[in-house]
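A.B. asks: File upload.cif follows (mmCIF, C-alpha atoms):
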```
data_start
loop_
_atom_site.label_atom_id
_atom_site.label_comp_id
_atom_site.auth_asym_id
_atom_site.auth_seq_id
_atom_site.Cartn_x
_atom_site.Cartn_y
_atom_site.Cartn_z
CA MET A 1 119.03 -44.60 57.31
CA ILE A 2 119.72 -40.93 58.15
CA ALA A 3 116.88 -39.88 55.83
CA LEU A 4 114.55 -42.33 57.57
CA ILE A 5 115.53 -40.99 60.99
CA ILE A 6 114.88 -37.41 59.89
CA LEU A 7 111.56 -38.44 58.36
CA MET A 8 110.40 -40.27 61.50
CA THR A 9 111.54 -37.40 63.75
CA GLY A 10 109.44 -35.04 61.62
CA VAL A 11 106.47 -37.40 61.77
CA ALA A 12 106.87 -37.68 65.54
CA TYR A 13 106.88 -33.89 65.88
CA LEU A 14 103.73 -33.52 63.77
CA VAL A 15 101.96 -36.26 65.75
CA GLY A 16 103.10 -34.68 69.01
CA SER A 17 101.73 -31.33 67.85
CA LEU A 18 98.17 -32.67 68.08
CA SER A 19 97.23 -31.11 71.42
CA SER A 20 94.93 -33.71 72.97
CA ALA A 21 93.93 -31.42 75.83
CA ILE A 22 92.74 -28.63 73.56
CA ILE A 23 90.95 -30.95 71.13
CA ILE A 24 89.18 -32.96 73.83
CA CYS A 25 88.21 -29.86 75.79
CA ARG A 26 86.58 -28.50 72.63
CA LEU A 27 84.72 -31.80 72.12
CA PHE A 28 83.46 -31.70 75.73
CA ARG A 29 82.72 -27.96 75.51
CA LEU A 30 85.12 -27.23 78.33
CA PRO A 31 87.20 -24.06 78.74
CA ASP A 32 90.42 -23.83 76.76
CA PRO A 33 93.00 -25.49 79.09
CA ARG A 34 95.50 -22.80 78.11
CA LEU A 35 93.20 -20.19 79.65
CA ALA A 36 91.69 -22.11 82.60
CA GLY A 37 93.11 -23.75 85.69
CA SER A 38 96.90 -23.78 85.54
CA GLY A 39 96.98 -22.80 81.88
CA ASN A 40 98.85 -25.99 81.07
CA PRO A 41 97.27 -28.12 78.28
CA GLY A 42 97.77 -31.49 79.92
CA ALA A 43 95.78 -34.25 81.60
CA THR A 44 96.24 -32.90 85.14
CA ASN A 45 94.79 -29.52 84.25
CA VAL A 46 91.94 -31.09 82.23
CA PHE A 47 91.13 -33.20 85.31
CA ARG A 48 90.85 -30.02 87.36
CA ILE A 49 88.59 -28.20 84.90
CA GLY A 50 86.63 -31.10 83.41
CA GLY A 51 86.82 -34.19 85.59
CA LYS A 52 87.92 -37.78 85.09
CA VAL A 53 86.60 -38.77 81.65
CA PRO A 54 88.14 -35.99 79.54
CA ALA A 55 91.34 -36.19 81.60
CA ILE A 56 91.65 -39.94 80.95
CA LEU A 57 91.07 -39.39 77.23
CA VAL A 58 93.76 -36.71 77.18
CA LEU A 59 96.16 -38.97 79.07
CA ILE A 60 95.65 -41.90 76.69
CA SER A 61 95.98 -39.68 73.63
CA ASP A 62 99.14 -38.03 74.92
CA ILE A 63 100.69 -41.42 75.69
CA LEU A 64 99.91 -42.68 72.18
CA LYS A 65 101.59 -39.61 70.67
CA GLY A 66 104.84 -40.91 72.11
CA THR A 67 104.28 -44.63 71.67
CA LEU A 68 103.22 -44.76 68.01
CA PRO A 69 106.18 -42.92 66.39
CA VAL A 70 108.76 -44.69 68.58
CA TYR A 71 107.23 -48.14 68.18
CA GLY A 72 106.92 -47.62 64.43
CA SER A 73 110.56 -46.52 64.23
CA TYR A 74 111.64 -49.55 66.26
CA PHE A 75 110.02 -51.89 63.73
CA LEU A 76 111.80 -50.00 60.95
CA GLY A 77 115.09 -51.05 62.51
CA ILE A 78 116.23 -47.67 63.82
CA GLU A 79 118.97 -47.81 66.47
CA PRO A 80 118.08 -47.15 70.15
CA VAL A 81 119.93 -43.81 70.41
CA PHE A 82 118.02 -42.48 67.38
CA LEU A 83 114.77 -43.75 68.88
CA GLY A 84 115.58 -41.28 71.66
CA VAL A 85 115.86 -38.49 69.08
CA ILE A 86 112.48 -39.48 67.60
CA ALA A 87 110.96 -39.59 71.09
CA ILE A 88 112.27 -36.09 71.74
CA GLY A 89 110.68 -35.02 68.45
CA ALA A 90 107.29 -36.22 69.71
CA CYS A 91 107.79 -34.44 73.04
CA LEU A 92 108.86 -31.21 71.35
CA GLY A 93 105.68 -31.42 69.28
CA HIS A 94 103.68 -31.57 72.49
CA ILE A 95 105.66 -28.74 74.08
CA PHE A 96 105.71 -26.54 70.95
CA PRO A 97 102.68 -27.68 68.90
CA LEU A 98 102.73 -26.55 65.29
CA TYR A 99 98.92 -26.41 65.10
CA PHE A 100 98.33 -24.47 68.33
CA GLY A 101 100.66 -21.50 68.29
CA PHE A 102 103.68 -23.41 69.64
CA LYS A 103 102.23 -23.22 73.18
CA GLY A 104 101.92 -26.70 74.65
CA GLY A 105 102.28 -28.74 77.81
CA LYS A 106 104.98 -30.47 79.82
CA ALA A 107 105.09 -33.68 77.70
CA VAL A 108 105.19 -36.04 80.69
CA ALA A 109 102.58 -38.43 79.28
CA THR A 110 104.12 -38.26 75.80
CA ALA A 111 107.55 -39.09 77.22
CA PHE A 112 105.99 -41.97 79.16
CA GLY A 113 104.41 -43.21 75.94
CA ALA A 114 107.77 -43.01 74.18
CA MET A 115 109.30 -45.20 76.91
CA LEU A 116 106.40 -47.68 76.86
CA PRO A 117 107.81 -49.86 74.03
CA ILE A 118 110.80 -50.67 76.28
CA GLY A 119 108.52 -52.84 78.37
CA LEU A 120 105.60 -53.02 80.75
CA ASP A 121 107.99 -53.54 83.66
CA LEU A 122 109.46 -50.08 83.09
CA ALA A 123 105.97 -48.62 82.69
CA GLY A 124 104.90 -50.24 85.95
CA LEU A 125 107.89 -48.85 87.84
CA LEU A 126 107.26 -45.34 86.51
CA ILE A 127 103.55 -45.43 87.34
CA PHE A 128 104.23 -46.88 90.80
CA THR A 129 106.82 -44.17 91.52
CA TRP A 130 104.46 -41.40 90.40
CA ILE A 131 101.57 -42.76 92.49
CA ILE A 132 103.68 -43.13 95.63
CA VAL A 133 105.12 -39.61 95.37
CA VAL A 134 101.73 -38.02 94.63
CA PHE A 135 100.07 -40.00 97.43
CA ILE A 136 102.67 -38.81 99.93
CA SER A 137 103.09 -35.23 98.72
CA GLY A 138 99.97 -34.36 96.70
CA TYR A 139 102.13 -32.81 93.98
CA SER A 140 101.66 -34.16 90.45
CA SER A 141 104.70 -32.25 89.24
CA LEU A 142 106.92 -33.77 91.94
CA GLY A 143 105.68 -37.23 91.03
CA ALA A 144 106.59 -36.62 87.39
CA ILE A 145 110.02 -35.19 88.25
CA VAL A 146 110.93 -38.07 90.57
CA ALA A 147 109.63 -40.75 88.16
CA VAL A 148 111.44 -39.34 85.14
CA SER A 149 114.63 -38.82 87.17
CA LEU A 150 114.62 -42.51 88.09
CA ALA A 151 113.67 -43.65 84.57
CA PRO A 152 117.29 -44.02 83.31
CA LEU A 153 118.17 -46.13 86.38
CA PHE A 154 115.10 -48.32 85.90
CA THR A 155 115.92 -48.70 82.20
CA TRP A 156 119.54 -49.62 82.90
CA SER A 157 118.34 -52.48 85.12
CA ILE A 158 115.84 -53.71 82.50
CA LYS A 159 117.23 -52.97 79.01
CA PRO A 160 120.63 -51.20 79.28
CA ASP A 161 120.79 -50.41 75.53
CA TYR A 162 117.98 -47.90 75.98
CA THR A 163 119.46 -46.05 78.97
CA LEU A 164 120.90 -43.19 76.90
CA PRO A 165 117.70 -42.39 74.94
CA VAL A 166 115.68 -42.51 78.16
CA ALA A 167 118.21 -40.21 79.85
CA MET A 168 117.82 -37.79 76.92
CA LEU A 169 114.07 -37.72 77.50
CA ALA A 170 114.53 -37.33 81.25
CA VAL A 171 116.72 -34.23 80.81
CA LEU A 172 114.11 -32.65 78.51
CA ILE A 173 111.21 -33.30 80.89
CA ILE A 174 113.11 -32.10 83.98
CA ALA A 175 114.14 -28.93 82.15
CA ARG A 176 110.50 -28.38 81.20
CA HIS A 177 109.62 -28.50 84.92
CA LYS A 178 112.11 -25.83 86.00
CA ASP A 179 109.34 -23.47 87.15
CA ASN A 180 107.69 -26.28 89.11
CA ILE A 181 111.00 -27.07 90.80
CA VAL A 182 111.35 -23.44 91.89
CA ARG A 183 107.79 -23.45 93.29
CA LEU A 184 108.33 -26.78 95.04
CA LEU A 185 111.44 -25.44 96.72
CA SER A 186 109.60 -22.29 97.79
CA ARG A 187 106.52 -24.34 98.83
CA THR A 188 104.20 -22.40 96.52
CA GLU A 189 103.38 -25.28 94.16
CA SER A 190 99.69 -26.25 93.92
CA LYS A 191 98.53 -29.76 94.70
CA ILE A 192 96.80 -31.99 92.19
CA TRP A 193 93.29 -31.61 93.61
CA HIS A 194 93.31 -27.81 93.79
CA LYS A 195 90.79 -25.99 91.64
CA GLY A 196 90.72 -22.54 90.13
CA ARG A 197 93.40 -20.39 88.55
CA ILE A 198 96.63 -21.99 89.69
CA LYS A 199 100.09 -22.68 88.45
CA GLU A 200 101.32 -26.04 87.25
#
```
Kindly present the structure from the file in structure tokens form.

C.D. replies:
Amino acid sequence: MIALIILMTGVAYLVGSLSSAIIICRLFRLPDPRLAGSGNPGATNVFRIGGKVPAILVLISDILKGTLPVYGSYFLGIEPVFLGVIAIGACLGHIFPLYFGFKGGKAVATAFGAMLPIGLDLAGLLIFTWIIVVFISGYSSLGAIVAVSLAPLFTWSIKPDYTLPVAMLAVLIIARHKDNIVRLLSRTESKIWHKGRIKE
């Protein structure tokens, strides 16, 4: 079983390393998301520099990078806590992509995808939380931070066995947003609809 866990964690990392934002921007002949907008290769930045269609494609692709390895591992009978390790592998692939110079995004959508197999009720709560926070504040990063912070609590109320792996993911994503947290506290964070060279 340990060998299988290591194998699936490696697979998850390699799948996560496929930077959807960079690939889709190249297909749509858009600027490299690492060099335009916020410089973050994620769906929010692609939305700013390329509009809805490429951003939606990036979002779906990034979600699948988390869902497929975790769902596959679940059907292989891997225990919940190790599913968390595999999910982290997918997120680390997104954050430090092997194929793109180890410079990736925040892994919010990939983490969401990794949580998706837990159930649509959890997915709905996370999406609803993100939408409400962004609607009120205008900050995509704040929406992600609040949603992922509440994810372990939501999971505990739905499927308690998966609380620990979800908490592991939450810690990773919050740590990845440390610069955003500093900017939010200093009120220098850019809102989701801002254009141009900004920080994310």

A.B. asks: If we count all atoms listed in the file and set the cut-off at 9 Å, which residues sit around range 2-12 of chain A, ignoring sequence neighbours fewer than 5 positions away in its own chain? Please answer as a PyMOL selection string.

C.D. replies: chain A and resi 17+65-66+68-70+72-73+76+78+82-83+85-93

A.B. asks: Find the residues near Thr129 in chain A: any atom within 10 Å, counting all atoms listed in the file, skip ones fewer than 5 places away on the same chain, and give them as number ranges by chain.

C.D. replies: A: 123-124, 134-135, 143-144, 146-148, 150-151

A.B. asks: Restricted to C-alpha atoms, what would the selected residues look like written as a CSV table (one decimal), in the frame of the given file?

C.D. replies:
```csv
chain,number,residue,atom,x,y,z
A,123,ALA,CA,106.0,-48.6,82.7
A,124,GLY,CA,104.9,-50.2,86.0
A,134,VAL,CA,101.7,-38.0,94.6
A,135,PHE,CA,100.1,-40.0,97.4
A,143,GLY,CA,105.7,-37.2,91.0
A,144,ALA,CA,106.6,-36.6,87.4
A,146,VAL,CA,110.9,-38.1,90.6
A,147,ALA,CA,109.6,-40.8,88.2
A,148,VAL,CA,111.4,-39.3,85.1
A,150,LEU,CA,114.6,-42.5,88.1
A,151,ALA,CA,113.7,-43.6,84.6
```

A.B. asks: Which residues, named as in the file, does the PyMOL selection byres ((chain A and resi 62) around 12) pick out? Answer as a PDB file with C-alpha atoms, in the frame of the given file.

C.D. replies:
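Listed below is the output, out02.pdb:
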```
ATOM      1  CA  VAL A  15     101.960 -36.260  65.750  1.00  0.00           C
ATOM      2  CA  GLY A  16     103.100 -34.680  69.010  1.00  0.00           C
ATOM      3  CA  SER A  17     101.730 -31.330  67.850  1.00  0.00           C
ATOM      4  CA  LEU A  18      98.170 -32.670  68.080  1.00  0.00           C
ATOM      5  CA  SER A  19      97.230 -31.110  71.420  1.00  0.00           C
ATOM      6  CA  SER A  20      94.930 -33.710  72.970  1.00  0.00           C
ATOM      7  CA  ALA A  21      93.930 -31.420  75.830  1.00  0.00           C
ATOM      8  CA  ILE A  22      92.740 -28.630  73.560  1.00  0.00           C
ATOM      9  CA  ILE A  23      90.950 -30.950  71.130  1.00  0.00           C
ATOM     10  CA  ILE A  24      89.180 -32.960  73.830  1.00  0.00           C
ATOM     11  CA  PRO A  41      97.270 -28.120  78.280  1.00  0.00           C
ATOM     12  CA  GLY A  42      97.770 -31.490  79.920  1.00  0.00           C
ATOM     13  CA  ALA A  43      95.780 -34.250  81.600  1.00  0.00           C
ATOM     14  CA  THR A  44      96.240 -32.900  85.140  1.00  0.00           C
ATOM     15  CA  ALA A  55      91.340 -36.190  81.600  1.00  0.00           C
ATOM     16  CA  ILE A  56      91.650 -39.940  80.950  1.00  0.00           C
ATOM     17  CA  LEU A  57      91.070 -39.390  77.230  1.00  0.00           C
ATOM     18  CA  VAL A  58      93.760 -36.710  77.180  1.00  0.00           C
ATOM     19  CA  LEU A  59      96.160 -38.970  79.070  1.00  0.00           C
ATOM     20  CA  ILE A  60      95.650 -41.900  76.690  1.00  0.00           C
ATOM     21  CA  SER A  61      95.980 -39.680  73.630  1.00  0.00           C
ATOM     22  CA  ILE A  63     100.690 -41.420  75.690  1.00  0.00           C
ATOM     23  CA  LEU A  64      99.910 -42.680  72.180  1.00  0.00           C
ATOM     24  CA  LYS A  65     101.590 -39.610  70.670  1.00  0.00           C
ATOM     25  CA  GLY A  66     104.840 -40.910  72.110  1.00  0.00           C
ATOM     26  CA  THR A  67     104.280 -44.630  71.670  1.00  0.00           C
ATOM     27  CA  LEU A  68     103.220 -44.760  68.010  1.00  0.00           C
ATOM     28  CA  ALA A  90     107.290 -36.220  69.710  1.00  0.00           C
ATOM     29  CA  CYS A  91     107.790 -34.440  73.040  1.00  0.00           C
ATOM     30  CA  GLY A  93     105.680 -31.420  69.280  1.00  0.00           C
ATOM     31  CA  HIS A  94     103.680 -31.570  72.490  1.00  0.00           C
ATOM     32  CA  ILE A  95     105.660 -28.740  74.080  1.00  0.00           C
ATOM     33  CA  GLY A 104     101.920 -26.700  74.650  1.00  0.00           C
ATOM     34  CA  GLY A 105     102.280 -28.740  77.810  1.00  0.00           C
ATOM     35  CA  LYS A 106     104.980 -30.470  79.820  1.00  0.00           C
ATOM     36  CA  ALA A 107     105.090 -33.680  77.700  1.00  0.00           C
ATOM     37  CA  VAL A 108     105.190 -36.040  80.690  1.00  0.00           C
ATOM     38  CA  ALA A 109     102.580 -38.430  79.280  1.00  0.00           C
ATOM     39  CA  THR A 110     104.120 -38.260  75.800  1.00  0.00           C
ATOM     40  CA  ALA A 111     107.550 -39.090  77.220  1.00  0.00           C
ATOM     41  CA  PHE A 112     105.990 -41.970  79.160  1.00  0.00           C
ATOM     42  CA  GLY A 113     104.410 -43.210  75.940  1.00  0.00           C
ATOM     43  CA  ALA A 114     107.770 -43.010  74.180  1.00  0.00           C
TER      44      ALA A 114
END
```

A.B. asks: Just the number, please: distance in Å from CA of Phe96 in chain A to CA of Gly84 in chain A, one decimal.

C.D. replies: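 Answer for the CA of Phe96 in chain A to CA of Gly84 in chain A separation: 17.8 Å.
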
A.B. asks: Which value, in Å to one decimal, gives the distance between CA of Phe154 in chain A and CA of Ser190 in chain A?

C.D. replies: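 Between CA of Phe154 in chain A and CA of Ser190 in chain A the gap is 28.1 Å.
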
A.B. asks: For CA of Arg26 in chain A and CA of Ile127 in chain A, quote the distance in Å rounded to one decimal.

C.D. replies: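 Between CA of Arg26 in chain A and CA of Ile127 in chain A the gap is 28.1 Å.
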
A.B. asks: Given the choices A:Leu30, A:Glu79, A:Pro97, A:Ile192, which gets closest to Tyr139 in chain A if the distance is worked out from only C-alpha atoms?

C.D. replies: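 Smallest distance to Tyr139 in chain A is found for A:Ile192.
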
A.B. asks: Could you write out as a list in words the residues that the PyMOL selection byres ((chain A and resi 152) around 10) matches in the shown file?

C.D. replies: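 For this structure, the PyMOL selection byres ((chain A and resi 152) around 10) resolves to Leu122, Ala147, Val148, Ser149, Leu150, Ala151, Leu153, Phe154, Thr155, Trp156, Ser157, Ile158, Lys159, Pro160, Tyr162, Thr163, Leu164, Pro165, Val166, Ala167, Met168, Leu169 and Ala170 of chain A.
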